[in-house]
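**Q** Structure supplied as query06.tsv; contents: TSV, C-alpha atoms.
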```
chain	number	residue	atom	x	y	z
A	889	MET	CA	109.36	82.42	96.38
A	890	PRO	CA	109.98	83.09	100.09
A	891	THR	CA	110.68	80.05	102.19
A	892	ASP	CA	108.97	81.40	105.27
A	893	ASN	CA	106.90	84.20	106.70
A	894	GLN	CA	109.85	86.32	107.76
A	895	GLU	CA	111.17	86.43	104.22
A	896	MET	CA	107.75	87.48	102.95
A	897	PHE	CA	107.63	90.51	105.27
A	898	ILE	CA	111.05	91.53	103.97
A	899	GLN	CA	110.18	90.85	100.35
A	900	CYS	CA	107.12	93.12	100.64
A	901	ALA	CA	109.18	95.93	102.17
A	902	ILE	CA	111.94	95.71	99.54
A	903	SER	CA	109.34	95.61	96.79
A	904	THR	CA	107.60	98.75	98.12
A	905	TRP	CA	110.99	100.49	98.28
A	906	GLU	CA	111.75	99.43	94.68
A	907	GLN	CA	108.41	100.75	93.41
A	908	GLN	CA	109.03	104.16	94.92
A	909	ILE	CA	112.58	104.22	93.48
A	910	LYS	CA	111.23	103.38	90.02
A	911	ARG	CA	108.53	106.04	90.12
A	912	THR	CA	110.99	108.69	91.32
A	913	THR	CA	113.61	107.74	88.73
A	914	ALA	CA	110.95	107.91	86.00
A	915	ILE	CA	110.27	111.54	86.96
A	916	PHE	CA	113.98	112.48	87.00
A	917	ASP	CA	114.41	110.83	83.58
A	918	ARG	CA	111.33	112.46	82.06
A	919	LEU	CA	112.25	116.04	82.96
A	920	THR	CA	114.37	118.19	80.68
A	921	GLU	CA	117.59	119.78	81.94
A	922	GLU	CA	115.66	123.04	82.25
A	923	GLU	CA	112.80	121.45	84.18
A	924	LEU	CA	115.29	119.88	86.61
A	925	PHE	CA	116.15	123.41	87.70
A	926	GLU	CA	112.51	124.36	88.27
A	927	GLU	CA	111.05	124.68	91.78
A	928	ILE	CA	108.56	122.02	92.86
A	929	ALA	CA	106.38	124.92	94.09
A	930	PRO	CA	107.01	128.68	94.29
A	931	GLY	CA	109.87	129.41	96.70
A	932	LYS	CA	110.45	125.70	97.43
A	933	ASN	CA	113.29	123.29	96.57
A	934	ARG	CA	114.33	122.82	92.96
A	935	VAL	CA	114.12	119.31	91.48
A	936	VAL	CA	117.92	119.15	91.21
A	937	TYR	CA	118.16	119.69	94.96
A	938	LEU	CA	115.78	116.79	95.64
A	939	LEU	CA	117.79	114.61	93.25
A	940	GLY	CA	121.03	115.36	95.09
A	941	HIS	CA	119.31	115.18	98.49
A	942	LEU	CA	117.79	111.76	97.85
A	943	ALA	CA	121.05	110.41	96.41
A	944	ALA	CA	122.92	111.62	99.51
A	945	VAL	CA	120.32	110.25	101.97
A	946	HIS	CA	120.40	106.87	100.25
A	947	ASP	CA	124.21	106.92	100.22
A	948	MET	CA	124.10	107.50	103.98
A	949	MET	CA	122.06	104.32	104.34
A	950	LEU	CA	125.16	102.23	103.52
A	951	PRO	CA	127.04	103.02	106.76
A	952	LEU	CA	123.78	103.46	108.74
A	953	LEU	CA	122.78	99.90	107.88
A	954	GLY	CA	126.34	98.62	108.29
A	955	LEU	CA	126.38	97.64	104.62
A	956	GLY	CA	129.44	99.56	103.46
A	957	GLU	CA	131.24	102.86	103.15
A	958	ARG	CA	129.75	106.07	101.74
A	959	GLN	CA	130.20	106.33	97.97
A	960	TYR	CA	129.47	110.04	97.55
A	961	PRO	CA	130.08	111.86	100.87
A	962	PHE	CA	130.88	115.06	98.97
A	963	LEU	CA	127.15	115.42	98.20
A	964	ASP	CA	126.36	116.42	101.80
A	965	ALA	CA	127.71	119.98	101.57
A	966	ALA	CA	125.21	120.97	98.88
A	967	PHE	CA	122.31	118.61	99.58
A	968	ILE	CA	122.20	117.66	103.28
A	969	THR	CA	123.81	120.26	105.52
A	970	THR	CA	122.57	123.27	103.53
A	971	ALA	CA	119.32	124.34	101.93
A	972	ASP	CA	118.79	124.62	98.20
A	973	ARG	CA	120.77	127.44	96.54
A	974	ALA	CA	123.22	127.81	99.46
A	975	VAL	CA	125.86	126.14	97.29
A	976	ALA	CA	126.12	127.57	93.79
A	977	ASP	CA	128.49	125.07	92.25
A	978	LEU	CA	126.55	121.80	91.91
A	979	PRO	CA	127.65	118.61	90.16
A	980	LYS	CA	126.26	118.16	86.65
A	981	VAL	CA	122.74	116.74	86.46
A	982	GLU	CA	123.96	113.67	84.56
A	983	GLU	CA	126.49	113.00	87.31
A	984	LEU	CA	123.81	113.31	89.99
A	985	LYS	CA	121.55	110.90	88.10
A	986	GLY	CA	124.49	108.50	87.90
A	987	TYR	CA	125.03	108.64	91.68
A	988	TRP	CA	121.29	108.19	92.26
A	989	ASN	CA	121.09	105.10	90.07
A	990	SER	CA	124.35	103.56	91.33
A	991	VAL	CA	123.62	103.94	95.03
A	992	ASN	CA	120.12	102.50	94.59
A	993	GLU	CA	121.50	99.50	92.68
A	994	LEU	CA	124.11	98.91	95.36
A	995	LEU	CA	121.55	99.18	98.17
A	996	LEU	CA	119.17	96.77	96.47
A	997	GLN	CA	121.94	94.24	96.01
A	998	LYS	CA	122.86	94.53	99.71
A	999	PHE	CA	119.19	94.37	100.79
A	1000	ARG	CA	118.66	91.13	98.89
A	1001	ALA	CA	121.68	89.52	100.57
A	1002	LEU	CA	120.49	90.21	104.14
A	1003	LYS	CA	118.92	87.34	106.08
A	1004	PRO	CA	115.71	87.94	108.10
A	1005	GLY	CA	117.56	87.94	111.42
A	1006	GLU	CA	120.04	90.50	110.06
A	1007	TRP	CA	117.21	92.88	109.20
A	1008	LEU	CA	116.32	92.92	112.90
A	1009	GLN	CA	119.84	93.75	114.05
A	1010	LYS	CA	120.50	97.26	115.25
A	1011	HIS	CA	121.48	100.01	112.87
A	1012	THR	CA	124.79	101.76	113.50
A	1013	ALA	CA	123.33	104.98	114.96
A	1014	VAL	CA	122.05	103.22	118.09
A	1015	SER	CA	124.17	101.96	120.99
A	1016	ASP	CA	124.07	98.38	122.29
A	1017	GLU	CA	122.53	99.65	125.55
A	1018	ASP	CA	119.77	101.61	123.84
A	1019	PHE	CA	119.02	98.75	121.45
A	1020	VAL	CA	118.21	96.45	124.36
A	1021	LYS	CA	115.50	98.91	125.43
A	1022	GLU	CA	114.47	99.90	121.88
A	1023	PRO	CA	114.71	96.80	119.67
A	1024	HIS	CA	112.68	98.46	116.92
A	1025	ARG	CA	115.74	100.59	116.06
A	1026	ASN	CA	116.80	97.95	113.57
A	1027	ARG	CA	117.69	97.81	109.88
A	1028	PHE	CA	114.13	96.96	108.85
A	1029	ASN	CA	112.83	100.10	110.53
A	1030	VAL	CA	115.39	102.19	108.65
A	1031	LEU	CA	114.20	100.69	105.36
A	1032	LEU	CA	110.57	101.58	106.18
A	1033	GLY	CA	111.49	105.07	107.34
A	1034	ARG	CA	113.58	105.81	104.25
A	1035	THR	CA	110.80	104.49	102.01
A	1036	ALA	CA	108.46	107.01	103.68
A	1037	HIS	CA	111.07	109.76	103.16
A	1038	LEU	CA	111.34	108.88	99.48
A	1039	SER	CA	107.53	108.80	98.99
A	1040	TYR	CA	107.31	112.19	100.73
A	1041	HIS	CA	109.59	113.79	98.14
A	1042	LEU	CA	108.05	111.76	95.29
A	1043	GLY	CA	104.71	113.39	96.10
A	1044	GLN	CA	106.38	116.79	95.75
A	1045	LEU	CA	108.07	115.87	92.47
A	1046	ALA	CA	104.73	114.65	91.10
A	1047	LEU	CA	103.41	118.22	91.34
A	1048	LEU	CA	105.55	119.09	88.31
A	1049	LYS	CA	103.26	117.06	86.05
A	1050	LYS	CA	101.82	119.44	83.49
B	285	MET	CA	107.83	93.69	123.54
B	286	PRO	CA	107.46	91.38	120.52
B	287	THR	CA	107.65	87.69	121.24
B	288	ASP	CA	109.28	86.81	117.96
B	289	ASN	CA	110.81	88.15	114.76
B	290	GLN	CA	107.56	88.16	112.82
B	291	GLU	CA	105.91	90.42	115.35
B	292	MET	CA	108.87	92.79	115.18
B	293	PHE	CA	108.52	93.22	111.39
B	294	ILE	CA	104.84	94.03	111.91
B	295	GLN	CA	105.49	96.34	114.85
B	296	CYS	CA	107.96	98.37	112.74
B	297	ALA	CA	105.47	98.67	109.89
B	298	ILE	CA	102.59	99.74	112.16
B	299	SER	CA	104.87	102.22	113.91
B	300	THR	CA	105.96	103.78	110.58
B	301	TRP	CA	102.28	104.07	109.57
B	302	GLU	CA	101.45	105.72	112.91
B	303	GLN	CA	104.25	108.25	112.57
B	304	GLN	CA	103.02	109.34	109.16
B	305	ILE	CA	99.44	109.59	110.46
B	306	LYS	CA	100.59	111.77	113.36
B	307	ARG	CA	102.62	114.09	111.15
B	308	THR	CA	99.74	114.46	108.69
B	309	THR	CA	97.17	115.06	111.43
B	310	ALA	CA	99.43	117.70	112.97
B	311	ILE	CA	99.35	119.62	109.67
B	312	PHE	CA	95.55	119.38	109.34
B	313	ASP	CA	95.19	120.56	112.94
B	314	ARG	CA	97.63	123.43	112.57
B	315	LEU	CA	96.02	125.01	109.51
B	316	THR	CA	93.25	127.56	109.80
B	317	GLU	CA	89.89	127.00	108.10
B	318	GLU	CA	91.02	129.42	105.40
B	319	GLU	CA	94.35	127.64	104.88
B	320	LEU	CA	92.54	124.32	104.51
B	321	PHE	CA	91.01	125.73	101.35
B	322	GLU	CA	94.38	126.79	99.92
B	323	GLU	CA	96.05	124.88	97.10
B	324	ILE	CA	99.18	122.90	97.97
B	325	ALA	CA	100.75	124.48	94.85
B	326	PRO	CA	99.29	126.72	92.12
B	327	GLY	CA	96.60	124.85	90.20
B	328	LYS	CA	96.96	121.71	92.34
B	329	ASN	CA	94.69	120.05	94.93
B	330	ARG	CA	93.43	122.03	97.89
B	331	VAL	CA	94.29	120.76	101.38
B	332	VAL	CA	90.62	119.98	102.04
B	333	TYR	CA	90.63	117.64	99.05
B	334	LEU	CA	93.66	115.76	100.39
B	335	LEU	CA	91.98	115.52	103.80
B	336	GLY	CA	88.85	113.97	102.28
B	337	HIS	CA	90.89	111.85	99.86
B	338	LEU	CA	93.09	110.37	102.58
B	339	ALA	CA	90.09	109.73	104.85
B	340	ALA	CA	88.31	107.92	101.99
B	341	VAL	CA	91.38	105.86	100.99
B	342	HIS	CA	91.92	104.79	104.58
B	343	ASP	CA	88.21	103.97	104.94
B	344	MET	CA	88.55	101.72	101.87
B	345	MET	CA	91.30	99.80	103.67
B	346	LEU	CA	88.70	98.28	106.03
B	347	PRO	CA	87.01	96.09	103.37
B	348	LEU	CA	90.25	95.74	101.35
B	349	LEU	CA	91.95	94.18	104.37
B	350	GLY	CA	88.84	92.22	105.34
B	351	LEU	CA	88.66	94.15	108.61
B	352	GLY	CA	85.15	95.54	108.37
B	353	GLU	CA	82.63	97.57	106.41
B	354	ARG	CA	83.19	101.04	104.99
B	355	GLN	CA	82.32	103.77	107.49
B	356	TYR	CA	82.14	106.74	105.10
B	357	PRO	CA	81.47	105.46	101.56
B	358	PHE	CA	79.77	108.78	100.72
B	359	LEU	CA	83.22	110.41	100.63
B	360	ASP	CA	84.11	108.73	97.33
B	361	ALA	CA	81.98	110.97	95.12
B	362	ALA	CA	83.89	114.11	96.08
B	363	PHE	CA	87.32	112.70	96.97
B	364	ILE	CA	88.00	109.48	95.02
B	365	THR	CA	86.07	109.28	91.77
B	366	THR	CA	86.38	112.98	90.93
B	367	ALA	CA	89.12	115.57	90.99
B	368	ASP	CA	89.21	118.52	93.37
B	369	ARG	CA	86.48	121.12	92.72
B	370	ALA	CA	84.32	118.74	90.64
B	371	VAL	CA	81.93	118.53	93.60
B	372	ALA	CA	81.01	121.92	95.08
B	373	ASP	CA	79.13	120.77	98.16
B	374	LEU	CA	81.73	119.27	100.50
B	375	PRO	CA	81.22	118.11	104.09
B	376	LYS	CA	82.32	120.62	106.73
B	377	VAL	CA	86.03	120.58	107.55
B	378	GLU	CA	85.36	119.58	111.15
B	379	GLU	CA	83.33	116.60	109.94
B	380	LEU	CA	86.13	115.54	107.58
B	381	LYS	CA	88.67	115.79	110.38
B	382	GLY	CA	86.36	113.64	112.51
B	383	TYR	CA	86.18	110.94	109.80
B	384	TRP	CA	89.96	111.10	109.36
B	385	ASN	CA	90.65	110.61	113.06
B	386	SER	CA	87.97	107.95	113.55
B	387	VAL	CA	88.96	105.76	110.63
B	388	ASN	CA	92.62	105.92	111.62
B	389	GLU	CA	91.79	104.93	115.20
B	390	LEU	CA	89.65	102.04	113.99
B	391	LEU	CA	92.36	100.83	111.59
B	392	LEU	CA	95.05	100.96	114.25
B	393	GLN	CA	92.90	98.95	116.64
B	394	LYS	CA	92.30	96.33	113.91
B	395	PHE	CA	96.00	96.30	112.92
B	396	ARG	CA	97.05	95.61	116.49
B	397	ALA	CA	94.67	92.65	116.74
B	398	LEU	CA	96.01	90.85	113.64
B	399	LYS	CA	98.38	87.93	114.14
B	400	PRO	CA	101.54	87.64	111.99
B	401	GLY	CA	100.07	84.87	109.85
B	402	GLU	CA	96.96	86.98	109.23
B	403	TRP	CA	99.08	89.83	107.88
B	404	LEU	CA	100.30	87.46	105.17
B	405	GLN	CA	96.81	86.40	104.11
B	406	LYS	CA	95.51	87.77	100.84
B	407	HIS	CA	93.69	91.06	100.67
B	408	THR	CA	90.15	91.02	99.30
B	409	ALA	CA	90.97	92.49	95.87
B	410	VAL	CA	92.93	89.41	94.79
B	411	SER	CA	91.44	86.02	93.85
B	412	ASP	CA	92.48	82.73	95.44
B	413	GLU	CA	94.02	81.63	92.14
B	414	ASP	CA	96.07	84.79	91.69
B	415	PHE	CA	97.20	84.73	95.30
B	416	VAL	CA	98.80	81.32	94.80
B	417	LYS	CA	100.97	82.84	92.07
B	418	GLU	CA	101.38	86.23	93.76
B	419	PRO	CA	101.63	85.66	97.53
B	420	HIS	CA	102.95	89.17	98.09
B	421	ARG	CA	99.41	90.50	97.48
B	422	ASN	CA	98.75	90.25	101.19
B	423	ARG	CA	97.56	92.55	103.96
B	424	PHE	CA	101.10	93.53	104.95
B	425	ASN	CA	101.81	94.73	101.43
B	426	VAL	CA	98.66	96.88	101.53
B	427	LEU	CA	99.84	98.48	104.77
B	428	LEU	CA	103.22	99.33	103.23
B	429	GLY	CA	101.64	100.63	100.03
B	430	ARG	CA	99.16	102.82	101.88
B	431	THR	CA	101.93	104.16	104.12
B	432	ALA	CA	103.78	105.21	100.94
B	433	HIS	CA	100.57	106.81	99.61
B	434	LEU	CA	100.16	108.76	102.85
B	435	SER	CA	103.80	109.92	102.87
B	436	TYR	CA	103.42	111.03	99.24
B	437	HIS	CA	100.59	113.40	100.16
B	438	LEU	CA	102.26	114.41	103.43
B	439	GLY	CA	105.21	115.69	101.39
B	440	GLN	CA	102.77	117.84	99.41
B	441	LEU	CA	101.03	119.14	102.53
B	442	ALA	CA	104.40	120.06	104.03
B	443	LEU	CA	104.89	122.60	101.21
B	444	LEU	CA	102.34	124.82	102.94
B	445	LYS	CA	104.80	125.56	105.72
B	446	LYS	CA	105.46	129.29	105.70
```
What does this structure look like when you write it as structure tokens?

**A**
Amino acid sequence: MPTDNQEMFIQCAISTWEQQIKRTTAIFDRLTEEELFEEIAPGKNRVVYLLGHLAAVHDMMLPLLGLGERQYPFLDAAFITTADRAVADLPKVEELKGYWNSVNELLLQKFRALKPGEWLQKHTAVSDEDFVKEPHRNRFNVLLGRTAHLSYHLGQLALLKK
Amino acid sequence: MPTDNQEMFIQCAISTWEQQIKRTTAIFDRLTEEELFEEIAPGKNRVVYLLGHLAAVHDMMLPLLGLGERQYPFLDAAFITTADRAVADLPKVEELKGYWNSVNELLLQKFRALKPGEWLQKHTAVSDEDFVKEPHRNRFNVLLGRTAHLSYHLGQLALLKK
């Protein structure tokens, strides 16, 4: 039970994040190996690309939020800096699912340890000078933005429902 | 500039909501009348359905958040309680866009007037008894959940990009 209002705002945001993670993971787990290589729509990204992309974006949240080092920086070449199919040699699907689950567990653990005031500290991609003028560029804002990013791709993955 | 931490959490959440609204509106405004009747993917919802659906869901937030009466309850028959194409006679696209813009403006105005403590009050779909046990069923949580819902459909609309 939160001890004050600030903790309740944070608890709601972490809980919304968790819900989206669970729904997305349920889709990845439900699809067959073959379906993971299907496109979400004709000519669009394959599911496996979104899996690697989301794992990489969440991994990038560790240094962005000042919560630790990247765990899987090698994902960027195939899933961040290039479009789907630009890199032919992808990690195995089971490996990607492992990265996805591990990075999300690690983030959640770190999220739960942050105090309300720490959520409002600047993220690492903004300078001290800019943060004075733009105090919304804080960790909490990153959490909300990345939740929106996840929901965006979840909506695309949901199109695969037969 | 927020006067305290609580206001900053709320400002970040409203700002994330606004960003998703702007991105979604930009897609609706960019598409031609013909494109608005295209499917987001083969056999899936048409854009016009998502436009009406999102307008109706946002309209429902007014009573859900205790912020006012429904403005467009007549949208539910075609966009909430039935799937796309179940109702043949839809409002004109320009009318739907008008509802979408108006309800979002009204919501934003109401959001900005709420005090931090009011964001943590229960929404109207939860009883007093349940709210004691589940204090996260508050207005703020509805805002975060509806932002995720909007991002989910925005991701689908973005697939129409040529």

**Q** Report as a list in words the set of chain A residues whose atoms approach chain B to within 6 Å, with distances computed over only C-alpha atoms.

**A**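 Filtering chain A at 6 Å from chain B with only C-alpha atoms gives Gln894, Cys900, Ala929, Asn1029, Ala1036, Ser1039, Tyr1040, His1041, Gly1043 and Gln1044 of chain A.
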
**Q** Could you tell me how far CA of Pro961 in chain A sits from CA of Ala976 in chain A, in Å to one decimal place?

**A**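 Going from CA of Ala976 in chain A over to CA of Pro961 in chain A, I get 17.7 Å.
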
**Q** Using only C-alpha atoms, determine which residues lie at most 8 Å from Leu953 in chain A, disregarding the query and same-chain residues fewer than 5 positions distant; provide the list as a VMD selection string.

**A** chain A and resid 1011 to 1012 1027 1030

**Q** Based on the selection just made, write C-alpha atoms of those residues as a compact mmCIF listing (two decimals), in the frame of the given file.

**A**
```txt
# COMPACT_ATOMS: atom_id res chain seq x y z
CA HIS A 1011 121.48 100.01 112.87
CA THR A 1012 124.79 101.76 113.50
CA ARG A 1027 117.69 97.81 109.88
CA VAL A 1030 115.39 102.19 108.65
```

**Q** Would you compute an axis-aligned box for range 956-964 of chain A, covering every atom listed for it in the file with 3 Å of margin on each side, and report centre and edge lengths in Å to one decimal as lines of an AutoDock Vina configuration file?

**A**
```
center_x = 128.8
center_y = 108.0
center_z = 100.5
size_x = 10.9
size_y = 22.9
size_z = 11.9
```

**Q** Calculate how many Å separate CA of Leu351 in chain B from CA of Val410 in chain B, rounding to one decimal.

**A**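 If I compute the distance from CA of Leu351 in chain B to CA of Val410 in chain B, I get 15.2 Å.
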
**Q** Could you work out how far CA of Ala339 in chain B lies from CA of Gly382 in chain B, giving the answer in Å with one decimal?

**A**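 Atom-to-atom, CA of Gly382 in chain B to CA of Ala339 in chain B, that is 9.4 Å.
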